[in-house]
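As structure tokens, the structure follows; a few thoughts come after it.
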Amino acid sequence: MRGIQHVNKKGHLTIGGVDTVDLVKQYGSPLYVYDVQHIRNQAKAFQSAFSKYPSLTWHVAYASKAFSSIAMVQLANELGLSLDVVSGGELFTAIKAGFPAKNIQFHGNNKTIDELDYALNVNIGTIIIDNFYEIECLEYLCKERQKPVNILLRITPGVEAHTHDYIMTGQEDSKFGFSLVNGAAEEAVKQVMNSAYLQLRGLHCHIGSQIFDTEGFKLAIKNIYNYLSEWKKELDFSCEVLNVGGGFGIKYNNDDQPLPISTYIDAIVTTAMAESDAHQMPIPEIWVEPGRVIVGEAGTTLYKLGSYKTIPGIRKYVSVDGGMADNLRPALYQAKYEAILANKANAKDTEVVTIAGKCCESGDILIHDAKIPKSESGDILAVLCTGAYGYSMANHYNRLPKPAVVFVENGESKLVIQRETYEDLVRFDCSYSQEPTH
């Protein structure tokens, strides 16, 4: 069980004290369910880990790409987190939610002029510049306003985290950031330091996702400090902020062995302190951007079982009323999940099945070789740890409406995103025919 999950006297899975069978009856399926207390616990774990270093200035920014909604952004604000956004849409969501713009950091490898313009209009706290084109665009916009903006430069530290190729971002061959190795980062520092409007506060790096050790973070920090030492001498650049990104792993299944949050933070902080001391530099502010680790294990997706197909000697397929339209990760990069029958949570696992989605793709498989009790159509399947990149990547393939999202806490549920209807699917369609459609 993950988060505040238990089994009640009826043998039903409960999340946040709410019966999952009742949730499906009330809100339908598929359904994303978030355990709010688990989110609170994760945010507190980061804050507690940093609080052991009273002389250090630090910021924990929730990476909203993991799951962005007005309610989630408001919760992040309530928990004292800053916010990381990567698009105009995520920024708009944050502003609509009443999140303080000064506590927002804007990422992205191809921010448009309109997005940058919007960010400046709302007085965003920090823009993390990813490339030379963005320096040029932001310089123009700030000069036009005669108004400065705080920035960080995203650099690639030349460190490869041991994760899937699609979610590695710190290696030399990456679409993100300025390379330290080929001199692009140094040139970017020079350009920005010569600007009257781009206020360079420091550097940002992100080495990947689902990271289960601390070596990558330590190597990245050490590598960065070697360049900071040179830039201090040659360019008189002092790094006020070192943002080491996120990527902290979570436990999707028994093969995953993530470290405690405090272990990651201790390694990051002590390495930065040691390097600052070795290079005779002031310790910068340390920023991190957890996303998945804040909401991943807090989320559960509930489905109803539908059709079955048994291929003798090969496998048994059990289909659910969702799939790659509400959880793209298994099809996108072979992500693995675990599941239980929510309405038979105490029953013994007696069969091995493949959980198939309903989309018209052979690759729409949520779980291979899932161990579940004897099941039947109408049972409720709970797929665990879907809180990150489930709703965020949800799509309308096969014209499937997006599911509802519910927050649960202290035995109560609250609808935070409504279920889409068929009318929502055609809301922005324009007719080709001259005759009205029905």
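Chain labels follow the order of the structure tokens: the first chain is A, the next B, and so on; residue numbering restarts at 1 in every chain, and ligands are counted from 1 in their shown order.
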
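The environment of range 2-17 of chain A within 7 Å, counting only C-alpha atoms and disregarding residues fewer than 3 places along the same chain, consists of Thr20, Val21, Asp35, His38, Glu297, Ala298, Ala342, Asn343, Lys344, Ala345, Asn346, Val408, Glu409, Asn410 and Gly411 of chain A.
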
Taking only residues of range 14-60 of chain A that have an atom at most 8 Å from an atom of range 392-405 of chain A, what is each one's shortest atom pair and its distance in Å to one decimal, using only C-alpha atoms, in chain and number order, as CSV?
residue,atom,partner,partner_atom,distance
A:Tyr27,CA,A:Ala404,CA,7.3
A:Ser29,CA,A:Pro403,CA,7.0
A:Pro30,CA,A:Pro403,CA,5.7
A:Leu31,CA,A:Ala404,CA,5.5
A:Tyr32,CA,A:Val405,CA,4.7
A:Val33,CA,A:Val405,CA,6.0
A:Tyr34,CA,A:Val405,CA,7.7

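Shortest separation to Leu384 in chain A among A:Gly363, A:Gly246, A:Gly28, A:Gly296 occurs at residue A:Gly296, atoms counted being only C-alpha atoms.
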
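Residues in contact range of range 128-133 of chain A, defined as at most 7 Å between only C-alpha atoms, with sequence neighbours fewer than 3 positions away removed, read A:Gln105, A:Phe106, A:His107, A:Gly108, A:Asn109, A:Glu136, A:Cys137, A:Ile151, A:Leu152, A:Leu153, A:Arg154, A:Phe176, A:Gly177, A:Phe178.
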
Put those residues in a file: all heavy atoms, as a short mmCIF file (atom, residue, chain, number, x, y, z; two decimals), in the first residue's frame.
data_model
loop_
_atom_site.label_atom_id
_atom_site.label_comp_id
_atom_site.auth_asym_id
_atom_site.auth_seq_id
_atom_site.Cartn_x
_atom_site.Cartn_y
_atom_site.Cartn_z
N GLN A 105 9.18 29.89 -11.04
CA GLN A 105 10.34 29.76 -11.93
C GLN A 105 9.84 29.21 -13.27
O GLN A 105 9.11 28.23 -13.30
CB GLN A 105 11.37 28.81 -11.34
CG GLN A 105 11.81 29.19 -9.93
CD GLN A 105 12.37 27.99 -9.17
OE1 GLN A 105 12.82 27.02 -9.75
NE2 GLN A 105 12.33 28.07 -7.84
N PHE A 106 10.27 29.84 -14.37
CA PHE A 106 9.78 29.47 -15.69
C PHE A 106 10.87 28.74 -16.48
O PHE A 106 11.89 29.31 -16.82
CB PHE A 106 9.34 30.73 -16.44
CG PHE A 106 8.53 30.47 -17.69
CD1 PHE A 106 8.14 29.20 -18.06
CD2 PHE A 106 8.14 31.54 -18.49
CE1 PHE A 106 7.39 28.98 -19.20
CE2 PHE A 106 7.39 31.33 -19.63
CZ PHE A 106 7.01 30.05 -19.99
N HIS A 107 10.61 27.45 -16.77
CA HIS A 107 11.51 26.60 -17.53
C HIS A 107 11.06 26.48 -18.98
O HIS A 107 10.01 26.97 -19.36
CB HIS A 107 11.52 25.19 -16.93
CG HIS A 107 12.52 25.00 -15.85
ND1 HIS A 107 13.86 24.85 -16.09
CD2 HIS A 107 12.37 24.92 -14.51
CE1 HIS A 107 14.49 24.67 -14.95
NE2 HIS A 107 13.61 24.71 -13.96
N GLY A 108 11.83 25.70 -19.75
CA GLY A 108 11.43 25.33 -21.10
C GLY A 108 12.54 25.56 -22.11
O GLY A 108 13.25 26.57 -22.03
N ASN A 109 12.68 24.65 -23.07
CA ASN A 109 13.75 24.78 -24.05
C ASN A 109 13.34 25.58 -25.28
O ASN A 109 14.16 25.88 -26.13
CB ASN A 109 14.22 23.38 -24.51
CG ASN A 109 13.18 22.68 -25.35
OD1 ASN A 109 12.06 22.48 -24.90
ND2 ASN A 109 13.53 22.31 -26.57
N GLU A 136 18.38 36.41 -26.43
CA GLU A 136 18.07 37.48 -27.37
C GLU A 136 16.63 37.97 -27.21
O GLU A 136 16.37 39.17 -27.15
CB GLU A 136 18.30 36.96 -28.80
CG GLU A 136 18.03 37.98 -29.89
CD GLU A 136 18.23 37.38 -31.27
OE1 GLU A 136 18.93 36.34 -31.38
OE2 GLU A 136 17.69 37.94 -32.24
N CYS A 137 15.71 37.03 -27.13
CA CYS A 137 14.29 37.39 -26.99
C CYS A 137 14.02 38.12 -25.68
O CYS A 137 13.32 39.15 -25.65
CB CYS A 137 13.41 36.13 -27.05
SG CYS A 137 13.40 35.30 -28.64
N ILE A 151 17.30 35.84 -13.64
CA ILE A 151 17.43 34.64 -14.46
C ILE A 151 18.44 33.67 -13.86
O ILE A 151 19.32 34.05 -13.09
CB ILE A 151 17.86 34.97 -15.91
CG1 ILE A 151 19.30 35.50 -15.92
CG2 ILE A 151 16.91 35.93 -16.58
CD1 ILE A 151 20.02 35.26 -17.21
N LEU A 152 18.29 32.40 -14.22
CA LEU A 152 19.31 31.38 -14.05
C LEU A 152 19.64 30.87 -15.44
O LEU A 152 18.81 30.92 -16.35
CB LEU A 152 18.83 30.22 -13.19
CG LEU A 152 18.33 30.50 -11.77
CD1 LEU A 152 17.95 29.18 -11.09
CD2 LEU A 152 19.36 31.23 -10.95
N LEU A 153 20.84 30.37 -15.64
CA LEU A 153 21.21 29.72 -16.89
C LEU A 153 21.17 28.21 -16.68
O LEU A 153 21.82 27.69 -15.76
CB LEU A 153 22.61 30.14 -17.34
CG LEU A 153 22.78 31.59 -17.79
CD1 LEU A 153 24.25 31.87 -18.10
CD2 LEU A 153 21.92 31.89 -19.01
N ARG A 154 20.43 27.53 -17.53
CA ARG A 154 20.42 26.06 -17.45
C ARG A 154 21.62 25.51 -18.20
O ARG A 154 21.83 25.81 -19.38
CB ARG A 154 19.14 25.48 -18.04
CG ARG A 154 19.16 23.96 -18.01
CD ARG A 154 17.80 23.34 -18.22
NE ARG A 154 17.88 21.89 -18.12
CZ ARG A 154 16.84 21.08 -18.06
NH1 ARG A 154 15.62 21.58 -18.09
NH2 ARG A 154 16.99 19.77 -17.97
N PHE A 176 18.37 20.17 -23.88
CA PHE A 176 18.26 21.19 -22.84
C PHE A 176 19.60 21.85 -22.54
O PHE A 176 20.63 21.18 -22.46
CB PHE A 176 17.72 20.57 -21.54
CG PHE A 176 16.36 19.97 -21.66
CD1 PHE A 176 16.19 18.60 -21.73
CD2 PHE A 176 15.23 20.78 -21.68
CE1 PHE A 176 14.93 18.05 -21.82
CE2 PHE A 176 13.96 20.23 -21.78
CZ PHE A 176 13.81 18.86 -21.85
N GLY A 177 19.59 23.14 -22.31
CA GLY A 177 20.68 23.84 -21.65
C GLY A 177 21.93 24.12 -22.46
O GLY A 177 22.11 23.69 -23.59
N PHE A 178 22.82 24.91 -21.81
CA PHE A 178 24.11 25.30 -22.36
C PHE A 178 25.17 24.30 -21.91
O PHE A 178 25.28 23.99 -20.73
CB PHE A 178 24.52 26.69 -21.86
CG PHE A 178 23.58 27.80 -22.25
CD1 PHE A 178 22.57 28.21 -21.39
CD2 PHE A 178 23.71 28.44 -23.48
CE1 PHE A 178 21.71 29.24 -21.73
CE2 PHE A 178 22.86 29.47 -23.84
CZ PHE A 178 21.85 29.87 -22.96
#

If DSSP is run on the backbone, what residues of range 203-432 of chain A are helix (DSSP H, G or I)? A reply as an MDAnalysis selection string would be ideal. chainID A and resid 215:235 261:278 292:295 329:333 342:344 397:399 422:425

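Considering the residues A:Val192, A:Ala356, A:Val318, A:Ala61 and counting only C-alpha atoms, Gly245 in chain A has its shortest atom-to-atom contact with A:Ala61.
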
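Secondary structure from DSSP on the backbone puts strand (DSSP E) at the following positions of range 245-294 of chain A: Glu285, Ile286, Trp287 and Val288 of chain A.
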
Give me the residues of range 205-253 of chain A that have any atom at most 10 Å from an atom of range 291-295 of chain A; for each, the nearest atom pair and the distance in Å, rounded to one decimal. Use only C-alpha atoms, sort by chain and number, and format it as CSV.
residue,atom,partner,partner_atom,distance
A:Ser209,CA,A:Arg292,CA,8.6
A:Gln210,CA,A:Arg292,CA,8.5
A:Gly245,CA,A:Gly291,CA,9.8
A:Gly246,CA,A:Gly291,CA,7.1
A:Gly247,CA,A:Arg292,CA,7.6
A:Phe248,CA,A:Val293,CA,6.2
A:Gly249,CA,A:Val293,CA,6.5
A:Ile250,CA,A:Val293,CA,5.8
A:Lys251,CA,A:Val293,CA,9.2

Suppose we keep all heavy atoms; can you now write the selection as a tab-separated table (two decimals), in the first residue's frame?
chain	number	residue	atom	x	y	z
A	209	SER	N	15.54	11.78	-14.40
A	209	SER	CA	14.40	11.44	-13.56
A	209	SER	C	14.52	10.00	-13.05
A	209	SER	O	15.26	9.19	-13.63
A	209	SER	CB	13.10	11.61	-14.34
A	209	SER	OG	12.92	12.95	-14.75
A	210	GLN	N	13.76	9.71	-12.01
A	210	GLN	CA	13.78	8.38	-11.39
A	210	GLN	C	15.21	7.98	-11.00
A	210	GLN	O	15.70	6.91	-11.37
A	210	GLN	CB	13.17	7.33	-12.31
A	210	GLN	CG	11.65	7.20	-12.17
A	210	GLN	CD	11.21	6.74	-10.78
A	210	GLN	OE1	11.03	7.55	-9.87
A	210	GLN	NE2	11.04	5.46	-10.62
A	245	GLY	N	17.80	21.04	-9.72
A	245	GLY	CA	16.68	20.37	-10.35
A	245	GLY	C	16.00	19.35	-9.46
A	245	GLY	O	15.96	19.46	-8.24
A	246	GLY	N	15.45	18.32	-10.09
A	246	GLY	CA	14.75	17.27	-9.36
A	246	GLY	C	15.21	15.91	-9.83
A	246	GLY	O	16.39	15.66	-9.97
A	247	GLY	N	14.25	15.03	-10.07
A	247	GLY	CA	14.59	13.68	-10.54
A	247	GLY	C	14.63	12.63	-9.45
A	247	GLY	O	15.00	11.48	-9.70
A	248	PHE	N	14.25	13.00	-8.23
A	248	PHE	CA	14.29	12.06	-7.11
A	248	PHE	C	13.30	10.92	-7.37
A	248	PHE	O	12.13	11.15	-7.65
A	248	PHE	CB	13.95	12.78	-5.81
A	248	PHE	CG	14.69	14.08	-5.63
A	248	PHE	CD1	14.05	15.30	-5.84
A	248	PHE	CD2	16.03	14.09	-5.30
A	248	PHE	CE1	14.72	16.50	-5.69
A	248	PHE	CE2	16.72	15.29	-5.16
A	248	PHE	CZ	16.07	16.49	-5.35
A	249	GLY	N	13.78	9.69	-7.24
A	249	GLY	CA	12.98	8.53	-7.62
A	249	GLY	C	11.89	8.18	-6.63
A	249	GLY	O	11.94	8.53	-5.44
A	250	ILE	N	10.87	7.46	-7.14
A	250	ILE	CA	9.80	6.94	-6.28
A	250	ILE	C	9.67	5.44	-6.53
A	250	ILE	O	10.23	4.90	-7.48
A	250	ILE	CB	8.45	7.63	-6.52
A	250	ILE	CG1	7.87	7.26	-7.90
A	250	ILE	CG2	8.58	9.14	-6.37
A	250	ILE	CD1	6.43	7.68	-8.10
A	251	LYS	N	8.90	4.80	-5.69
A	251	LYS	CA	8.75	3.34	-5.76
A	251	LYS	C	7.48	2.98	-6.53
A	251	LYS	O	6.38	2.91	-5.98
A	251	LYS	CB	8.70	2.75	-4.35
A	251	LYS	CG	8.74	1.22	-4.31
A	251	LYS	CD	8.76	0.74	-2.87
A	251	LYS	CE	8.79	-0.77	-2.78
A	251	LYS	NZ	10.02	-1.35	-3.32

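The environment of Met281 in chain A within 10 Å, counting only C-alpha atoms and disregarding residues fewer than 4 places along the same chain, consists of A:Tyr225, A:Leu228, A:Ser229, A:Lys232, A:Ser238, A:Cys239, A:Met273, A:Glu275, A:Ser276, A:Asp277.
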
At a cut-off of 6 Å, using only C-alpha atoms, what residues contact Gly306 in chain A? Leave out same-chain residues fewer than 6 positions from it and give the result as a PyMOL selection string. chain A and resi 319-320+377

Quick one: residues within 10 Å of Leu332 in chain A, only C-alpha atoms counted, chain neighbours fewer than 4 positions away excluded, as a PDB file with N, CA and C atoms, in the first residue's frame?
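Written output follows (out.pdb):
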ATOM      1  N   TYR A 166      14.780   8.487 -22.552  1.00  0.00           N
ATOM      2  CA  TYR A 166      13.851   9.579 -22.796  1.00  0.00           C
ATOM      3  C   TYR A 166      13.785  10.573 -21.638  1.00  0.00           C
ATOM      4  N   MET A 324      -3.948   4.062 -22.391  1.00  0.00           N
ATOM      5  CA  MET A 324      -2.908   5.019 -22.766  1.00  0.00           C
ATOM      6  C   MET A 324      -3.437   6.441 -22.923  1.00  0.00           C
ATOM      7  N   ASN A 327      -2.999   7.210 -19.123  1.00  0.00           N
ATOM      8  CA  ASN A 327      -1.654   6.916 -18.602  1.00  0.00           C
ATOM      9  C   ASN A 327      -0.774   6.500 -19.780  1.00  0.00           C
ATOM     10  N   LEU A 328      -0.096   7.474 -20.342  1.00  0.00           N
ATOM     11  CA  LEU A 328       0.709   7.248 -21.538  1.00  0.00           C
ATOM     12  C   LEU A 328       2.066   6.624 -21.232  1.00  0.00           C
ATOM     13  N   GLY A 363      -0.040  -1.629 -28.440  1.00  0.00           N
ATOM     14  CA  GLY A 363       0.851  -1.196 -27.363  1.00  0.00           C
ATOM     15  C   GLY A 363       0.146  -0.603 -26.165  1.00  0.00           C
ATOM     16  N   ASP A 364      -1.186  -0.544 -26.199  1.00  0.00           N
ATOM     17  CA  ASP A 364      -1.922   0.013 -25.064  1.00  0.00           C
ATOM     18  C   ASP A 364      -2.076  -1.048 -23.978  1.00  0.00           C
TER      19      ASP A 364
END

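For the pair CA of Leu180 in chain A and CA of Ile155 in chain A, the interatomic distance is 6.6 Å.
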
Could you pull the residues within 8 Å of Phe217 in chain A, counting only C-alpha atoms, minus those fewer than 6 positions along the same chain, as a ChimeraX atom specification? /A:207,244,267-268

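Atom pair CA of Gly80 in chain A / CA of Tyr62 in chain A: separated by 9.9 Å.
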
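Going from CA of Gln334 in chain A to CA of Asp256 in chain A covers 14.2 Å.
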
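Using only C-alpha atoms, the nearest neighbour of Ser68 in chain A within the list A:Ala185, A:Leu415, A:Ala388, A:Val18 is A:Ala388.
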
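Considering only C-alpha atoms, the residue among A:Met72, A:Ala272, A:Ile311, A:Val181 positioned nearest to Ile221 in chain A is A:Ala272.
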
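The shortest atom-to-atom distance to Glu144 in chain A, with only C-alpha atoms taken into account, belongs to A:Leu120 out of A:Ser179, A:Leu120, A:Leu302, A:Ile127.
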